[in-house]
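What follows is a set of notes on a single structure, which appears directly below.
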Amino acid sequence: MSDSILFQAARIGSLNVPNRFIRSATWEGLAATDGGCTDELVRLMEGLAEGGVGLIVSSHAFVRPEGYAVRGQLGIHRDDLVAGLARMADAVHRKGGRIVLQLAHGGHLAGTQLTGQPALAPSLAGGPEKTRRREMSEADIDDTIKAYGEAALRAKKAGFDGVQIHAAHGYLLNQFLSPWFNRRADRYGGGIENRTRIVLDILASVRSATGRDCPVLVKMNSEDFLEGGLTREDSLQAALMIASAGADAIELSGGTLLSGKLSPSRSKIDSVEQEAYFRDAARAFKAKLNIPLALVGGIRSFEVAEGLVKEGIADFISMSRPFIREPGLVNRWKSGDRRKATCLSDNRCFMPPMRGTGFYCVVDREGKEGS
Ligand SMILES: Cc1cc2nc3c(=O)[nH]c(=O)nc-3n(C[C@H](O)[C@H](O)[C@H](O)COP(=O)(O)O)c2cc1C
């Protein structure tokens with residue numbers, strides 16, 4: 001049974017995606033301490049491709065050493081990391097899947113104990129109070145823009161089908177977009193045109209490194225849910241500039257690690273009304289954008305997912321936590337078993353990688369009371 005619009009192919013730039021399901025970037029905590037790809041990661045991505053996901057987005061990979069945010073995170077900051085990542089891309093392709101690499105920089109969320117350096121931030125305002133930070137100079141910004149281009153080229157050499165620029169969830173590029181974190185007085189701070197500038201410069205850097213045909217997605221917040229943070233109006237304006245600058249798709253999320261209950265990964269999604277919690281923003285973005293929109297955040301039911309695409313609120317359905325428990329969810333739905341994802345959205349999947357082991361569904365392995 002594959003009658004649904006969710007199983008119809010659609011394009012993201014030059015990439016043909018066989019169905020509307022995207023595995024949203026998910027830090028697994030499984031990379032080597034130097035950011036290298038491991039056998040476990042290769043097997044995991046292979047499993048997602050086998051499970052029918054149309055497009056896999058890797059976990060966030062840091063583009064510069066000082067952007068390393070959490071242990072077990074992938075890196076793409078050195079040429080010698082390409083060979084390991086090539087095994088990942090190859091394994092996915094052998095199973096008929098598609099995969100893009102998420103390019104990231106922690107900004108003030110960098111793990112200073114991991115990097116041994118102060119974290120770089122657009123300004124000293126806003127971030128976690130205890131982090132050692134340094135305000136970025138224009139030279140730091142130039143180096144960062146260049147690093148994204150170099151990282152994208154490495155991803156291309158490793159055989160990835162494209163890249164995603166991570167501009168959401170309070171990481172570096174979201175810090176620039178957000179007036180709460182960005183208090184700069186130069187051309188990278190101030191109005192939304194200036195606060196978006198670094199993302200546009202990075203897009204140009206990625207394009208000049210990889211060529212026009214390499215699909216580039218941008219994941220961004222619909223809003224930050226922080227007082228004085230990025231608003232929906234400003235975010236929509238930023239998205240329009242990003243689309244005009246040649247991005248191939250936007251993945252819409254929201255919230256930061258400092259936004260409390262309104263974080264990107266909200267818990268207790270017990271009814272269809274609570275699902276797709278950025279739906280209203282997606283509707284507003286989709287009405288203005290002329291590139292595909294992927295929506296992420298709390299989508300759990302087949303009917304909700306189908307409705308979002310049928311009603312023209314989103315072109316792609318992105319999910320993260322459901323695929324931790326059920327890498328085969330898409331094929332289950334395709335086979336006709338359309339019961340909702342079994343994910344309980346309790347967020348305990350964050351615990352194992354924080355403890356230094358790779359992620360897993362805690363409910364599956366340890367029961368409802370585990371961890
Ligand atoms: C364990 C875990 C790790 C995550 N890592 C990333 C990441 O590397 N990059 C990113 O953009 N989002 C990351 N996210 C956020 C998800 O991609 C997604 O935006 C969020 O969980 C909401 O989607 P969901 O309700 O389908 O889980 C992570 C979420 C979880 C649960």
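Labels used: A, B, ... for chains in the order of the structure tokens, numbers from 1 for residues in each chain, and numbers from 1 for ligands as shown.
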
Sorted per-residue table, chain A near ligand 1, closest atoms and distance, 8 Å, only C-alpha atoms and all ligand atoms, as a Markdown table:
```
| residue | atom | partner | partner_atom_place_in_ligand_line | distance |
| --- | --- | --- | --- | --- |
| A:Arg23 | CA | ligand 1 | 17 (O) | 7.8 |
| A:Ser24 | CA | ligand 1 | 17 (O) | 4.4 |
| A:Ala25 | CA | ligand 1 | 9 (N) | 4.3 |
| A:Thr26 | CA | ligand 1 | 5 (N) | 3.4 |
| A:Trp27 | CA | ligand 1 | 5 (N) | 3.8 |
| A:Glu28 | CA | ligand 1 | 1 (C) | 6.2 |
| A:Ser58 | CA | ligand 1 | 8 (O) | 7.4 |
| A:Ser59 | CA | ligand 1 | 8 (O) | 4.1 |
| A:His60 | CA | ligand 1 | 8 (O) | 4.0 |
| A:Ala61 | CA | ligand 1 | 8 (O) | 7.6 |
| A:Gln102 | CA | ligand 1 | 9 (N) | 7.2 |
| A:His166 | CA | ligand 1 | 11 (O) | 5.9 |
| A:Ala168 | CA | ligand 1 | 11 (O) | 6.5 |
| A:His169 | CA | ligand 1 | 11 (O) | 7.0 |
| A:Lys219 | CA | ligand 1 | 11 (O) | 6.7 |
| A:Ser253 | CA | ligand 1 | 19 (O) | 5.9 |
| A:Gly254 | CA | ligand 1 | 19 (O) | 7.8 |
| A:Pro264 | CA | ligand 1 | 20 (C) | 5.1 |
| A:Ser265 | CA | ligand 1 | 21 (O) | 4.0 |
| A:Arg266 | CA | ligand 1 | 25 (O) | 6.7 |
| A:Ala276 | CA | ligand 1 | 25 (O) | 7.8 |
| A:Val296 | CA | ligand 1 | 23 (O) | 5.1 |
| A:Gly297 | CA | ligand 1 | 23 (O) | 3.7 |
| A:Gly298 | CA | ligand 1 | 25 (O) | 3.4 |
| A:Ile299 | CA | ligand 1 | 26 (O) | 5.8 |
| A:Arg300 | CA | ligand 1 | 26 (O) | 7.4 |
| A:Ser318 | CA | ligand 1 | 26 (O) | 6.4 |
| A:Met319 | CA | ligand 1 | 26 (O) | 3.5 |
| A:Ser320 | CA | ligand 1 | 26 (O) | 3.9 |
| A:Arg321 | CA | ligand 1 | 27 (O) | 3.9 |
| A:Pro322 | CA | ligand 1 | 26 (O) | 6.0 |
| A:Ser345 | CA | ligand 1 | 25 (O) | 7.0 |
| A:Asn347 | CA | ligand 1 | 31 (C) | 6.2 |
| A:Cys349 | CA | ligand 1 | 1 (C) | 5.5 |
| A:Phe350 | CA | ligand 1 | 1 (C) | 4.5 |
| A:Pro353 | CA | ligand 1 | 1 (C) | 7.5 |
| A:Phe359 | CA | ligand 1 | 1 (C) | 6.8 |
```

Spatial neighbours of Asp142 (chain A), max dist 12 Å, only C-alpha atoms, sep filter under 3 positions, as a PyMOL selection string: chain A and resi 136-139+145-149+188+197-199+201-202+205

Once you have the residues from the selection above, write them out as an mmCIF file, in the first residue's frame, restricted to C-alpha atoms.
```cif
data_model
loop_
_atom_site.group_PDB
_atom_site.id
_atom_site.type_symbol
_atom_site.label_atom_id
_atom_site.label_comp_id
_atom_site.auth_asym_id
_atom_site.auth_seq_id
_atom_site.Cartn_x
_atom_site.Cartn_y
_atom_site.Cartn_z
ATOM 1 C CA MET A 136 34.170 36.995 17.088
ATOM 2 C CA SER A 137 36.276 39.445 15.136
ATOM 3 C CA GLU A 138 35.617 40.023 11.418
ATOM 4 C CA ALA A 139 38.632 37.769 10.755
ATOM 5 C CA ILE A 145 32.585 31.335 6.316
ATOM 6 C CA LYS A 146 35.550 29.780 4.523
ATOM 7 C CA ALA A 147 35.449 26.726 6.805
ATOM 8 C CA TYR A 148 31.825 25.988 5.850
ATOM 9 C CA GLY A 149 32.812 26.001 2.172
ATOM 10 C CA TYR A 188 26.794 41.272 10.956
ATOM 11 C CA ARG A 197 24.480 38.111 6.390
ATOM 12 C CA ILE A 198 26.728 35.351 7.757
ATOM 13 C CA VAL A 199 24.274 32.656 6.577
ATOM 14 C CA ASP A 201 27.956 34.474 3.000
ATOM 15 C CA ILE A 202 28.203 30.819 4.032
ATOM 16 C CA SER A 205 31.047 29.971 0.175
#
```

Identify all residues of region 60-189 of chain A in strand (DSSP E) (DSSP on the backbone) and supply them as a ChimeraX atom specification. /A:60-62,74-75,99-104,119-121,133-135,163-167

Using only C-alpha atoms, please write the residues we just selected to a file, as a CSV table (one decimal), in the first residue's frame.
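See part_7.csv below for the written result:
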```csv
chain,number,residue,atom,x,y,z
A,60,HIS,CA,25.7,17.9,13.2
A,61,ALA,CA,29.3,17.8,12.1
A,62,PHE,CA,31.6,20.6,13.3
A,74,LEU,CA,31.0,14.1,14.0
A,75,GLY,CA,33.7,16.4,12.6
A,99,ILE,CA,22.2,11.3,2.7
A,100,VAL,CA,23.3,14.9,3.3
A,101,LEU,CA,25.8,16.1,5.9
A,102,GLN,CA,24.7,18.7,8.5
A,103,LEU,CA,27.4,21.4,8.8
A,104,ALA,CA,27.5,23.0,12.2
A,119,ALA,CA,33.9,29.5,22.7
A,120,LEU,CA,33.4,31.9,19.8
A,121,ALA,CA,30.2,33.9,19.9
A,133,ARG,CA,33.7,33.1,25.5
A,134,ARG,CA,35.3,35.4,23.0
A,135,GLU,CA,33.4,37.8,20.7
A,163,VAL,CA,24.7,19.4,2.8
A,164,GLN,CA,22.5,21.1,5.3
A,165,ILE,CA,23.6,24.3,7.0
A,166,HIS,CA,22.5,24.2,10.7
A,167,ALA,CA,21.2,27.6,11.6
```

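Using only C-alpha atoms, the smallest distance between any of A:Val92, A:Ala31, A:Leu258, A:Val218 and Ile291 (chain A) comes from A:Val218.
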
Atomic separation - CA of Leu295 (chain A) relative to CA of Gly96 (chain A), Å: 23.4 Å

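Checking A:Leu6, A:Met351, A:Val82, A:Leu344 one by one against Lys368 (chain A), counting only C-alpha atoms, you find the shortest gap at A:Leu344.
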
Residue neighbourhood region 172-178 of chain A, 8 Å, only C-alpha atoms, exclusion window fewer than 6 positions, as a VMD selection string: chain A and resid 104 to 109 121 to 122 166 188 to 189 192 195 to 196 198 to 199 220 to 221 224 229 to 230 235

Residue among A:Gln117, A:Asn331, A:Asn290, A:Ser267 lying closest to Asp346 (chain A), counting only C-alpha atoms: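 Selected residue with least distance to Asp346 (chain A): A:Ser267.
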
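With only C-alpha atoms as the atoms that count, the residue of A:Glu46, A:Glu40, A:Asp315, A:Glu150 with the shortest distance to Ser208 (chain A) is A:Glu150.
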
Contacts of Glu311 (chain A) at 12 Å or less, counting only C-alpha atoms, minus same-chain residues fewer than 3 places along, as a list in words?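 That gives Ile5, Arg279, Ala282, Arg283, Lys286, Ala287, Glu303, Val304, Ala305, Glu306, Gly307, Leu308, Ala314 and Asp315 of chain A.
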
Which of these, A:Met88, A:Arg98, A:Ser4, A:Ile12, has the shortest distance to Leu41 (chain A) once you count only C-alpha atoms?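 For Leu41 (chain A), the nearest of the candidates is A:Met88.
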